[in-house]
Amino acid sequence: MKLDRRFLLRGTCQGALAVMGLPFLDCFLDNKGQALAATGKRIPTRFNTFFYGLGLTKSLWVPKGAGRNYETTEQLKPLEAFKQKMNVFSGSRVMIDDNPNFQHWSGVGASATGMSPSKNGQFDSKTIDQTIADVISRGARFKSIAAACAGDPKQSYSSLGGPNNLPAEASPLSLYTRLFGSGFQDPSRTDWKPNPEIMLQQSVLSVVAEDRKRVTQRLGASDQARLDQYFTSVRESEQQIAAELKRPDIEAKVEIPTAPEEMTVNSALPNMRKVLPLMARLGALALATDQTRVFNLSISEPGSQMFVPGDPLGYHQSTHEEPLDPVLAYQPRVARYNVYSMELFAAFLKELDAIPEGDGTLLDHSLVYGFTDVAFAKIHALDGIPVLIAGSASGRMKTGHHIVGEGSPVSRVGLTVQKAMGLSVDSWGGGSMETKSPYTELLA
Amino acid sequence: MILQKHLLAFSSATAILACLSQPAVSAPWVRGFVVGTYEPAFRYGGRTGYARAGEIEPGSDCIHGNTIHFSNSEQIRRALSFQPWRSPEEIKIVSTLPGLEQAKTPDQARFMIWDRAMSYRGWRHGIETYINPFAAQDPGQPEVVSRIGDGFNLDGKIGAHDFVSPDGEKGIDNALYRAWGCDAPWRGNGNATLDMRSNDKMQEGLYTMVIRISGNQDPMNDKDATLEIGYSPDKIVKDARGIVTTDFSYRIAKTAQYTKMKARVANGVVETEQVAELHAPRIAWFYDHAGDAEFHQGRIRLAIDADGNAKGVIGGYRSWRDIYAQNTFAQDGGQQGVREHEDGVALYYALRRNADGMRDSKTGQNMGISTAYRITAAAAYVVDASKPAEITALAPEEKRREAYLRIVNNMKKATTTRIVQDVTPGTSEGAYPNMERDITGLPIADYLLKTLDRPHFDDPPGPQASK
């Protein structure tokens, strides 16, 4: 009897056929816990983040109902096509404890690390993508890749903690060059062979590795710790090199395009509408060809400077300068910008979903963590900070739900994500946001 | 942690509260509250539910609606035209910003240019406006024209400019409402930007204000009650809906913000005595400008409802310079001005014009202005701390607070001596090179760098903090 994810328990009940599905079992995976055995090829589960600034308009974004049959709201309409492939989280809270509320930063830090940041512009620990990358990225050429659609390499929310933010590729061309430029070998080509330059690097590191043991034995404890930290990064380089010497066993049939043209990359919405699909496609191709398993895409800084040409205020200034319409009880101009952010998120998902892979798409074998900096931007409110999750992590995450946080720490979403990604983790976050309570109803 | 529902409350208070539903008896009683909203008692006079795109709702309070300072090129042109040293060319370029669309982030560039330009409106180049508001011309502030207002009759007189309370009491002193009631970020019908913002930050944990009332007669009618007000080191607890939860325990800190007053309770309405100095936390939305609000001739009125929650007013004369500083230097005057459509200079003159108390016997000037602040409070257990409780200091923010205090001191010195004071480093007012960074790529960037003033420091020059 072959057990796979489509297996159904069958029987008869009062003469009628009764069938029952099985939960997602480890035996559906191969012995590395990565591949769907039924497909015969290794399909790793990938992780993505999507960052957009300035939150939401609560009355237009938050669905009325909870659970599976929630009604799509006006601001979620751009994501309607992915409704059954995503989860909407509303009503989460960021507890800042005894840290200041760094405007537009506390929410970013809390969503990305599960703890409120103690320094403006820095994460207090490794961000969620890096925590996940530590586990899933072994065997990929790049541990993670970040890209910024508004053209600023600082618009990366991927960090090793403290001042160690990982810069983003700031144009489609630079992203292309990084991924598919020098050093890239198309795994779909029949004449694939290891890059001689990489082989040389490997041998050099092997020689160093021998000497490393001898040196380490002669050092004191603090120096040993320092050296260990250093060699951790060396080991990561070694793993990356090892990955590059092995042909990725990919399932998707994709074609790597030629390099994109230089183009204007900034916060103007028309430009972002051209840039984002390109960057998203490149990211998706990188995931599909196993160049990386973690792709981070941002469309703005916290406090988004996105603007529509001709609008004298733009997004961020509108959140502060536009009055609340006394009848509508929201800011109409800001509400339009909220929708633009959702449209761009949908464009990202579209690219992930456009790549067929095994019995689904790249999106089905991914998890996308969409987060922002605030809830109600006009006052930098952190209560009700939204999160969007797309993809089912190869069946580990149930989708199609609206989860009402009811004031729960936003870290619960992050913990749920990590569990769905297969991390062996029981708690996540820090301070009042440390949690051991994932949304278990979403975990398959 | 002290905030554990019921468990750590006074056992005696529990017993006392259990007695409250009983017929009136003479027995010791205590009621506690945690303040959930705290905002200036400005009465909105517009029609509720009225909106027409692009219009500012006028009302019986503000017949032309709220302020629109710096809201567009024409408003900027008007503000710049008060400085005779600016050339027509400069006024035109700075107000219209030709080529703005070529900036990487046009809205941010516009914002920073106008912020910088509005920060230098003195009678000559180089005078920072918000530290030296006296050195700029009064641009005019629309003032409240309504006769109805909330607050107290603080001076015991019925003056020509006093308000009448909604229930008919004459002589209400709330000159702050007269001066500031039409100011855009503070005017609204429950949706004034800075009301929402400061309440959100208070509830988020920036500070906690608690009130405890006690007596020995009937909690609904007690001629000899006591009201205590002060900070709590415990953060406000909210429920799943984001509403301040009732019946949690909070310690009261007997720090500089603590005041104990005699009170009378009649039919559930608590009226305190008028005290020479009433100290309470002040409205804030950043750590550095949070602190002590000193009310002179201060009073409190609280009406307690059937659920044990309360609504009321805190009033008294406050230093109008303190009020100006706490509003203007929360960020910086130009930033808040352009963003919120208020003009700190106009507010300065409006405060000075409407000042009606705390007369300085030497100069004859009124140093204070009558105020009233509206509060709502949730029932809570307000307990003494087992050991002296201090307000938690946020070490990373202490430098900002020190910088804030320096700039406030400079402003006070400037406005009392009329000697121009310098920009103090470390504050947003001295932020540099913010504008310089954001105008990169603008065709008028060089012109602006040559023309617009910028902060200058003797030592050390260079980048300063900004919010």
# chains A, B, ... in the order shown; residues from 1 in each chain; ligands from 1

$ interface_residues --of "chain B" --to "chain A" --cutoff "7 Å" --atoms "only C-alpha atoms" --output "JSON, numbers by chain"
{"B": [49, 50, 51, 104, 105, 107, 196, 197, 200, 240, 241, 242, 339, 340, 394]}

$ write_last_selection --atoms "N, CA and C atoms" --output "mmCIF file, in the first residue's frame"
data_model
loop_
_atom_site.group_PDB
_atom_site.id
_atom_site.type_symbol
_atom_site.label_atom_id
_atom_site.label_comp_id
_atom_site.auth_asym_id
_atom_site.auth_seq_id
_atom_site.Cartn_x
_atom_site.Cartn_y
_atom_site.Cartn_z
ATOM 1 N N GLY B 49 -21.285 63.847 11.133
ATOM 2 C CA GLY B 49 -21.716 63.179 9.915
ATOM 3 C C GLY B 49 -21.731 64.063 8.699
ATOM 4 N N TYR B 50 -21.149 65.257 8.814
ATOM 5 C CA TYR B 50 -21.101 66.149 7.657
ATOM 6 C C TYR B 50 -19.730 66.058 7.003
ATOM 7 N N ALA B 51 -19.711 65.880 5.715
ATOM 8 C CA ALA B 51 -18.419 65.871 5.014
ATOM 9 C C ALA B 51 -18.620 66.306 3.579
ATOM 10 N N LYS B 104 13.959 61.729 -5.631
ATOM 11 C CA LYS B 104 13.729 60.285 -5.486
ATOM 12 C C LYS B 104 12.415 60.033 -4.748
ATOM 13 N N THR B 105 12.186 60.802 -3.707
ATOM 14 C CA THR B 105 10.911 60.723 -2.993
ATOM 15 C C THR B 105 10.358 62.144 -2.866
ATOM 16 N N ASP B 107 7.537 63.577 -2.088
ATOM 17 C CA ASP B 107 6.762 64.043 -0.925
ATOM 18 C C ASP B 107 7.661 64.286 0.270
ATOM 19 N N MET B 196 -5.955 61.207 19.272
ATOM 20 C CA MET B 196 -5.865 59.760 19.001
ATOM 21 C C MET B 196 -4.455 59.249 19.253
ATOM 22 N N ARG B 197 -3.504 60.048 18.792
ATOM 23 C CA ARG B 197 -2.117 59.593 18.880
ATOM 24 C C ARG B 197 -1.641 59.508 20.329
ATOM 25 N N ASP B 200 -3.335 56.683 22.125
ATOM 26 C CA ASP B 200 -2.798 55.394 21.673
ATOM 27 C C ASP B 200 -1.464 55.106 22.355
ATOM 28 N N ALA B 240 -8.963 42.046 24.452
ATOM 29 C CA ALA B 240 -8.787 41.580 23.072
ATOM 30 C C ALA B 240 -9.291 42.599 22.056
ATOM 31 N N ARG B 241 -10.232 43.464 22.489
ATOM 32 C CA ARG B 241 -10.737 44.475 21.547
ATOM 33 C C ARG B 241 -9.878 45.731 21.562
ATOM 34 N N GLY B 242 -8.873 45.753 22.412
ATOM 35 C CA GLY B 242 -8.025 46.936 22.506
ATOM 36 C C GLY B 242 -8.580 47.976 23.455
ATOM 37 N N ARG B 339 3.105 68.823 8.714
ATOM 38 C CA ARG B 339 2.370 67.554 8.732
ATOM 39 C C ARG B 339 0.948 67.726 9.256
ATOM 40 N N GLU B 340 0.805 68.530 10.284
ATOM 41 C CA GLU B 340 -0.500 68.617 10.947
ATOM 42 C C GLU B 340 -1.255 69.902 10.624
ATOM 43 N N LEU B 394 13.729 54.999 30.425
ATOM 44 C CA LEU B 394 14.200 54.297 29.240
ATOM 45 C C LEU B 394 15.580 54.833 28.888
#

$ select_by_dssp --residues "stretch 343-427 of chain A" --states "strand (DSSP E or B)" --output "PyMOL selection string"
chain A and resi 356-357+360-361+366-371+385-390+397+402-404+409

$ write_last_selection --atoms "C-alpha atoms" --output "compact mmCIF listing (two decimals), in the first residue's frame"
# COMPACT_ATOMS: atom_id res chain seq x y z
CA PRO A 356 4.41 24.70 -12.09
CA GLU A 357 6.23 22.34 -9.80
CA GLY A 360 1.26 22.19 -7.71
CA THR A 361 3.11 25.42 -8.14
CA SER A 366 6.47 27.99 -0.42
CA LEU A 367 5.38 30.12 2.45
CA VAL A 368 5.24 33.89 2.04
CA TYR A 369 5.24 36.04 5.16
CA GLY A 370 3.80 39.46 4.35
CA PHE A 371 4.29 42.04 7.07
CA ILE A 385 -0.93 45.14 13.02
CA PRO A 386 -1.78 42.94 10.01
CA VAL A 387 0.05 39.93 8.61
CA LEU A 388 -0.60 37.98 5.42
CA ILE A 389 0.62 34.44 4.83
CA ALA A 390 0.50 32.86 1.40
CA MET A 397 -0.01 25.07 6.40
CA HIS A 402 -8.99 34.69 8.43
CA ILE A 403 -7.45 34.52 11.88
CA VAL A 404 -8.60 37.13 14.37
CA PRO A 409 1.18 39.07 20.15

$ select_by_dssp --residues "stretch 103-138 of chain A" --states "helix (DSSP H, G or I)" --output "list in words"
Ser106, Gly107, Val108, Gly109, Ala110, Ser111, Ala112, Thr113, Ile128, Asp129, Gln130, Thr131, Ile132, Ala133, Asp134, Val135 and Ile136 of chain A

$ write_last_selection --atoms "C-alpha atoms" --output "PDB file, in the first residue's frame"
ATOM      1  CA  SER A 106       8.890  48.865  16.379  1.00  0.00           C
ATOM      2  CA  GLY A 107       6.291  47.047  14.300  1.00  0.00           C
ATOM      3  CA  VAL A 108       8.864  45.929  11.743  1.00  0.00           C
ATOM      4  CA  GLY A 109      11.190  44.634  14.429  1.00  0.00           C
ATOM      5  CA  ALA A 110       8.409  42.857  16.294  1.00  0.00           C
ATOM      6  CA  SER A 111       7.005  41.175  13.195  1.00  0.00           C
ATOM      7  CA  ALA A 112      10.423  40.084  11.982  1.00  0.00           C
ATOM      8  CA  THR A 113      11.936  38.918  15.274  1.00  0.00           C
ATOM      9  CA  ILE A 128      12.633  35.156  10.880  1.00  0.00           C
ATOM     10  CA  ASP A 129      13.898  34.588   7.350  1.00  0.00           C
ATOM     11  CA  GLN A 130      17.433  33.984   8.616  1.00  0.00           C
ATOM     12  CA  THR A 131      16.240  31.658  11.370  1.00  0.00           C
ATOM     13  CA  ILE A 132      14.409  29.656   8.743  1.00  0.00           C
ATOM     14  CA  ALA A 133      17.288  29.908   6.275  1.00  0.00           C
ATOM     15  CA  ASP A 134      19.606  28.350   8.861  1.00  0.00           C
ATOM     16  CA  VAL A 135      17.505  25.222   8.604  1.00  0.00           C
ATOM     17  CA  ILE A 136      16.286  25.042   5.037  1.00  0.00           C
TER      18      ILE A 136
END

$ residues_around --residues "B:Ala179" --least-positions-apart "4" --cutoff "7 Å" --atoms "only C-alpha atoms" --output "number ranges by chain"
B: 143-144, 175, 350-351, 354

$ write_last_selection --atoms "N, CA and C atoms" --output "PDB file, in the first residue's frame"
ATOM      1  N   GLU B 143      -9.439  81.591  16.358  1.00  0.00           N
ATOM      2  CA  GLU B 143      -9.760  81.225  17.734  1.00  0.00           C
ATOM      3  C   GLU B 143     -11.216  80.830  17.858  1.00  0.00           C
ATOM      4  N   VAL B 144     -11.501  80.099  18.917  1.00  0.00           N
ATOM      5  CA  VAL B 144     -12.864  79.597  19.124  1.00  0.00           C
ATOM      6  C   VAL B 144     -13.802  80.763  19.434  1.00  0.00           C
ATOM      7  N   ALA B 175      -9.254  79.110  28.681  1.00  0.00           N
ATOM      8  CA  ALA B 175      -8.712  79.962  27.613  1.00  0.00           C
ATOM      9  C   ALA B 175      -7.857  79.164  26.629  1.00  0.00           C
ATOM     10  N   ALA B 350      -1.192  83.093  20.162  1.00  0.00           N
ATOM     11  CA  ALA B 350      -2.555  82.858  20.663  1.00  0.00           C
ATOM     12  C   ALA B 350      -2.528  82.554  22.154  1.00  0.00           C
ATOM     13  N   LEU B 351      -1.532  81.801  22.588  1.00  0.00           N
ATOM     14  CA  LEU B 351      -1.407  81.494  24.016  1.00  0.00           C
ATOM     15  C   LEU B 351      -1.116  82.759  24.802  1.00  0.00           C
ATOM     16  N   ASN B 354      -4.137  84.988  25.049  1.00  0.00           N
ATOM     17  CA  ASN B 354      -5.244  84.479  25.862  1.00  0.00           C
ATOM     18  C   ASN B 354      -4.838  84.133  27.293  1.00  0.00           C
TER      19      ASN B 354
END

$ residues_around --residues "stretch 161-175 of chain A" --least-positions-apart "5" --cutoff "7 Å" --atoms "only C-alpha atoms" --output "JSON, numbers by chain"
{"A": [122, 123, 124, 125, 126, 127, 146, 147, 148, 149, 151, 152, 153, 154, 155, 156, 259, 260, 261, 262, 265, 275, 278, 279]}

$ atom_distance --atom1 "atom CA of B:Gln203" --atom2 "atom CA of B:Ala393"
17.3 Å

$ closest_residue --among "A:His365, A:His104, A:Arg336, A:Arg412" --to "A:Arg42" --atoms "only C-alpha atoms"
A:His365

$ closest_residue --among "B:Arg400, B:Lys413, B:Arg124, B:Lys223" --to "B:Tyr287" --atoms "only C-alpha atoms"
B:Arg400

$ residues_around --residues "stretch 152-160 of chain B" --least-positions-apart "2" --cutoff "8 Å" --atoms "only C-alpha atoms" --output "ChimeraX atom specification"
/B:150,162,170-174,297-299,315-316,370,372

$ residues_around --residues "stretch 339-341 of chain A" --least-positions-apart "2" --cutoff "10 Å" --atoms "only C-alpha atoms" --output "count of residues only"
30

$ residues_around --residues "B:Gly181" --least-positions-apart "4" --cutoff "8 Å" --atoms "only C-alpha atoms" --output "count of residues only"
10

$ closest_residue --among "A:Gln224, A:Gln331, A:Asn338, A:Asn296" --to "A:Asn48" --atoms "only C-alpha atoms"
A:Asn296
